[in-house]
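> Have a peek at work_18.cif (mmCIF, C-alpha atoms).
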```cif
data_input
#
loop_
_atom_site.label_atom_id
_atom_site.label_comp_id
_atom_site.auth_asym_id
_atom_site.auth_seq_id
_atom_site.Cartn_x
_atom_site.Cartn_y
_atom_site.Cartn_z
CA MET H 1 13.59 -2.74 -13.88
CA GLU H 2 14.69 0.53 -12.33
CA LEU H 3 14.24 0.57 -8.58
CA ILE H 4 12.55 3.29 -6.55
CA GLN H 5 15.73 4.26 -4.70
CA ASP H 6 17.42 4.94 -8.07
CA LYS H 7 14.48 6.99 -9.34
CA GLN H 8 14.33 9.03 -6.11
CA LYS H 9 17.74 10.50 -7.01
CA THR H 10 16.47 11.86 -10.35
CA VAL H 11 13.19 13.40 -9.14
CA PHE H 12 14.60 16.90 -8.63
CA GLU H 13 16.09 17.18 -12.12
CA ALA H 14 13.02 15.72 -13.77
CA LEU H 15 10.36 17.85 -12.05
CA LYS H 16 12.07 21.07 -10.92
CA GLY H 17 10.92 23.03 -13.99
CA THR H 18 7.31 21.94 -13.57
CA PHE H 19 6.97 22.91 -9.92
CA GLY H 20 9.60 25.66 -9.64
CA TRP H 21 11.72 23.91 -7.05
CA LYS H 22 14.96 25.71 -6.21
CA ASN H 23 16.40 23.17 -3.75
CA VAL H 24 16.71 19.38 -3.72
CA MET H 25 15.09 19.34 -0.28
CA GLN H 26 11.79 20.47 -1.84
CA THR H 27 11.37 17.16 -3.68
CA PRO H 28 8.72 14.79 -2.28
CA LYS H 29 9.71 11.55 -0.60
CA VAL H 30 7.90 8.41 0.47
CA GLU H 31 7.46 8.81 4.22
CA LYS H 32 5.79 5.47 4.92
CA VAL H 33 3.54 2.78 3.48
CA VAL H 34 0.58 1.59 5.57
CA ILE H 35 -1.01 -1.77 4.67
CA SER H 36 -4.42 -2.52 6.21
CA VAL H 37 -6.53 -5.67 6.15
CA GLY H 38 -10.02 -6.13 7.57
CA ILE H 39 -10.84 -9.66 8.70
CA GLY H 40 -14.59 -9.32 8.33
CA SER H 41 -17.07 -10.90 10.68
CA THR H 42 -15.29 -14.12 11.50
CA LYS H 43 -14.85 -15.92 14.78
CA ASP H 44 -12.60 -18.57 13.21
CA LYS H 45 -9.26 -18.23 15.02
CA ASN H 46 -7.46 -20.23 12.32
CA LYS H 47 -8.51 -17.80 9.59
CA ILE H 48 -7.51 -14.80 11.71
CA GLY H 49 -4.09 -16.35 12.30
CA LEU H 50 -3.76 -17.23 8.62
CA ILE H 51 -4.43 -13.62 7.58
CA ALA H 52 -1.81 -12.36 10.05
CA ASP H 53 0.72 -14.92 8.81
CA ARG H 54 0.20 -14.11 5.13
CA LEU H 55 0.34 -10.36 5.77
CA ALA H 56 3.62 -10.90 7.61
CA LYS H 57 4.98 -12.84 4.60
CA ILE H 58 3.93 -10.10 2.17
CA THR H 59 5.34 -7.19 4.19
CA GLY H 60 8.24 -8.82 6.02
CA GLN H 61 6.98 -7.41 9.30
CA LYS H 62 4.59 -8.64 11.98
CA PRO H 63 1.17 -6.95 11.69
CA ALA H 64 -0.43 -5.10 14.59
CA THR H 65 -3.99 -6.02 15.50
CA ARG H 66 -6.73 -3.42 15.33
CA GLY H 67 -9.62 -3.77 17.74
CA ALA H 68 -13.24 -2.71 17.44
CA LYS H 69 -13.83 0.76 18.85
CA GLN H 70 -17.47 0.12 19.67
CA ALA H 71 -19.71 -2.86 20.25
CA ILE H 72 -22.26 -3.56 17.52
CA ALA H 73 -24.79 -6.27 18.35
CA THR H 74 -25.82 -6.82 14.73
CA PHE H 75 -22.25 -7.78 13.80
CA LYS H 76 -21.69 -9.60 17.12
CA THR H 77 -18.62 -7.52 17.94
CA ARG H 78 -17.49 -6.29 21.30
CA ILE H 79 -15.08 -3.49 22.13
CA GLY H 80 -11.55 -4.75 21.61
CA ASP H 81 -12.41 -7.68 19.31
CA THR H 82 -9.87 -8.02 16.49
CA VAL H 83 -11.40 -6.53 13.33
CA GLY H 84 -8.27 -6.08 11.25
CA TYR H 85 -4.51 -5.90 10.94
CA GLN H 86 -2.21 -3.04 10.02
CA VAL H 87 1.47 -2.80 9.10
CA THR H 88 3.46 0.43 8.79
CA LEU H 89 6.58 0.18 6.63
CA ARG H 90 9.27 2.84 6.58
CA GLY H 91 12.65 3.23 4.88
CA ALA H 92 14.08 0.24 3.05
CA ARG H 93 11.10 -2.04 3.78
CA ALA H 94 8.71 0.53 2.31
CA ARG H 95 10.86 0.87 -0.82
CA ASP H 96 11.10 -2.93 -1.20
CA PHE H 97 7.34 -3.30 -0.81
CA LEU H 98 6.67 -0.58 -3.42
CA ASN H 99 9.11 -2.21 -5.85
CA ARG H 100 7.30 -5.54 -5.50
CA LEU H 101 3.90 -3.83 -5.76
CA ILE H 102 4.73 -1.85 -8.91
CA HIS H 103 6.84 -4.38 -10.80
CA ILE H 104 5.39 -7.75 -9.73
CA ALA H 105 1.99 -7.57 -8.02
CA LEU H 106 0.12 -4.97 -10.09
CA PRO H 107 0.99 -6.54 -13.48
CA ARG H 108 -0.28 -9.89 -12.12
CA THR H 109 -3.74 -8.54 -11.30
CA LYS H 110 -6.57 -9.65 -13.52
CA ASP H 111 -7.41 -7.29 -16.42
CA PHE H 112 -4.87 -4.72 -15.30
CA LYS H 113 -5.05 -1.47 -17.27
CA GLY H 114 -3.40 0.89 -14.79
CA ILE H 115 -4.28 2.44 -11.46
CA SER H 116 -6.52 5.44 -10.95
CA ALA H 117 -4.94 8.80 -10.11
CA ALA H 118 -8.22 9.86 -8.47
CA SER H 119 -7.15 8.07 -5.28
CA ILE H 120 -4.61 10.78 -4.46
CA ASP H 121 -5.90 12.90 -1.60
CA ASP H 122 -5.37 16.64 -1.06
CA MET H 123 -2.36 16.03 1.19
CA GLY H 124 -0.45 14.07 -1.47
CA ASN H 125 -1.09 10.53 -0.20
CA TYR H 126 -2.14 7.65 -2.46
CA THR H 127 -4.41 4.79 -1.38
CA LEU H 128 -4.68 1.63 -3.45
CA GLY H 129 -7.02 -1.28 -2.82
CA LEU H 130 -6.25 -4.82 -3.97
CA ARG H 131 -9.03 -7.40 -4.14
CA GLU H 132 -6.74 -10.41 -3.70
CA HIS H 133 -3.54 -10.87 -1.73
CA THR H 134 -2.52 -13.71 -4.08
CA VAL H 135 -0.97 -11.29 -6.60
CA PHE H 136 2.11 -11.19 -4.36
CA PRO H 137 4.49 -14.07 -5.14
CA GLU H 138 5.08 -14.82 -1.44
CA THR H 139 1.56 -16.19 -1.03
CA ALA H 140 0.57 -17.30 -4.54
CA GLU H 141 1.32 -21.01 -4.09
CA GLU H 142 -0.76 -21.41 -0.94
CA ASP H 143 -4.34 -22.57 -0.54
CA LEU H 144 -6.74 -20.30 -2.41
CA LYS H 145 -9.85 -20.78 -0.27
CA ASP H 146 -8.99 -17.96 2.16
CA VAL H 147 -8.39 -15.00 -0.15
CA PHE H 148 -8.53 -11.52 1.35
CA GLY H 149 -8.10 -7.99 0.08
CA LEU H 150 -5.88 -5.27 1.39
CA ALA H 151 -5.40 -1.53 1.18
CA ALA H 152 -2.01 0.14 0.81
CA THR H 153 -1.59 3.84 1.56
CA VAL H 154 1.58 5.52 0.31
CA VAL H 155 2.23 8.59 2.48
CA THR H 156 4.40 11.17 0.72
CA THR H 157 5.70 14.61 1.60
CA ALA H 158 4.14 16.12 -1.56
CA LYS H 159 2.30 19.41 -1.07
CA SER H 160 -0.53 18.91 -3.59
CA LYS H 161 -2.35 16.35 -5.73
CA GLU H 162 -0.50 17.43 -8.88
CA GLU H 163 2.90 17.21 -7.19
CA ALA H 164 2.08 13.78 -5.77
CA ARG H 165 0.84 12.48 -9.13
CA ALA H 166 3.96 13.66 -10.95
CA TYR H 167 6.20 12.25 -8.23
CA LEU H 168 4.49 8.84 -8.15
CA ALA H 169 4.45 8.66 -11.96
CA HIS H 170 8.18 9.38 -11.95
CA LEU H 171 8.70 6.54 -9.46
CA GLY H 172 6.95 4.19 -11.89
CA PHE H 173 3.36 3.95 -10.66
CA PRO H 174 1.35 2.77 -13.71
CA PHE H 175 -1.44 5.37 -13.84
CA LYS H 176 -4.21 5.09 -16.42
CA LYS H 177 -3.76 7.39 -19.38
#
```
As structure tokens, please, write out the structure in this file.


Amino acid sequence: MELIQDKQKTVFEALKGTFGWKNVMQTPKVEKVVISVGIGSTKDKNKIGLIADRLAKITGQKPATRGAKQAIATFKTRIGDTVGYQVTLRGARARDFLNRLIHIALPRTKDFKGISAASIDDMGNYTLGLREHTVFPETAEEDLKDVFGLAATVVTTAKSKEEARAYLAHLGFPFKK
């Protein structure tokens, strides 16, 4: 299992001919990883605390609460009610999370055949949605009645979709063929 920090060192040599890079500083890098979880329409304080605790175990960092921006009577929400959690990982924590995501969590997902490259946006960022948090080994042994999904956005310094796809594939992201 080759780690992301080892692969980052070989990106320039591997992709300089494809993109015409002249300097090592032109190579893309992972700027940050943002993990978001919506808690749904629940007033159960225990479930909200459980989601925060499990997200902290997965990321190694305490999540920040995200409040409702407007009151919606149909959903019984008021401005400021907690509607989700978000964690921003940078540096070593982001690399560690990506290593666990690529090498452990994604292969454990049900019927895994690769991830879609269509989720790369025009600015070179990749967003991946997971239906269950239980694919991470930190939370797999716990009670399975409160399963939640999460979204992970990998923010890179790539200039285009093609550059981001080549960079992420070089890092080991298992894209569909």

> Just want the 7 Å neighbourhood of range 37-49 of chain H, counted on all atoms listed in the file, with same-chain residues fewer than 6 positions away dropped. Output as a PyMOL selection string.

chain H and resi 75+83-86+149-151

> Pick out the closest residue to Lys161 in chain H from this set: H:Thr10, H:Ser119, H:Thr139, H:Asn23. Count only C-alpha atoms.

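Between H:Thr10, H:Ser119, H:Thr139, H:Asn23, the residue approaching Lys161 in chain H most closely is H:Ser119.
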
> Using Å and a single decimal, report how far CA of Leu50 in chain H sits from CA of Val155 in chain H.

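Atom-to-atom, CA of Val155 in chain H and CA of Leu50 in chain H are spaced 27.2 Å apart.
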
> Any idea what the distance is between CA of Leu55 in chain H and CA of Thr134 in chain H?

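These two atoms are separated by 10.8 Å.
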
> Given all atoms listed in the file as the basis, pick out the residue of H:Ala166, H:Ile102, H:Val87, H:Ala117 nearest to Ile4 in chain H.

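Among H:Ala166, H:Ile102, H:Val87, H:Ala117, it is H:Ile102 that comes nearest to Ile4 in chain H.
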
> Looking at all atoms listed in the file, which of H:Ala158, H:Arg90, H:Ala73, H:Arg78 is the one that sits closest to Gln61 in chain H?

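Smallest separation from Gln61 in chain H among the options: H:Arg90.
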
> For a quick check of understanding, using only C-alpha atoms, which of H:Ala64, H:Thr27, H:Asp121, H:Ile58 has the smallest distance to Leu15 in chain H?

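Of the candidates, the smallest distance to Leu15 in chain H is held by H:Thr27.
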
> For CA of Lys16 in chain H and CA of Lys159 in chain H, quote the distance in Å rounded to one decimal.

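For CA of Lys16 in chain H relative to CA of Lys159 in chain H, the distance reads 14.0 Å.
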
> From the list H:Gly91, H:Gly60, H:Gly20, H:Pro137, which residue is nearest His103 in chain H when using all atoms listed in the file?

H:Pro137

> List, as a list in words, every residue that the PyMOL selection byres ((chain H and resi 93) around 12) selects in the file provided.

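Selected by the PyMOL selection byres ((chain H and resi 93) around 12) here: Ile4, Gln5, Val30, Glu31, Lys32, Val33, Val34, Ile58, Thr59, Gly60, Gln61, Val87, Thr88, Leu89, Arg90, Gly91, Ala92, Ala94, Arg95, Asp96, Phe97, Leu98, Asn99 and Arg100 of chain H.
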
> In the coordinates of the file, take the point (8.2, 9.6, -9.0) and a cut-off of 10 Å; then, counting only C-alpha atoms, name each qualifying protein, DNA or RNA residue as a list in words.

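The requested residues, written out, are Ile4, Lys7, Gln8, Lys9, Thr10, Val11, Phe12, Ala14, Leu15, Thr27, Pro28, Lys29, Val30, Glu163, Ala164, Arg165, Ala166, Tyr167, Leu168, Ala169, His170, Leu171, Gly172 and Phe173 of chain H.
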
> Measuring between all atoms listed in the file, which one of H:Asp6, H:Ser160, H:Leu144, H:Lys76 shows the shortest distance to Phe19 in chain H?

H:Ser160

> Write out as a list in words each polymer residue whose atoms come within 8 Å of Val135 in chain H, counting only C-alpha atoms; drop sequence neighbours fewer than 2 positions from it.

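Close residues of Val135 in chain H: Ile104, Ala105, Leu106, Arg108, Thr109, Glu132, His133, Pro137, Thr139 and Ala140 of chain H.
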
> Can you list what the PyMOL selection byres ((chain H and resi 115) around 10) grabs from this structure, as a ChimeraX atom specification?

/H:106,112-114,116-119,128-129,173-177
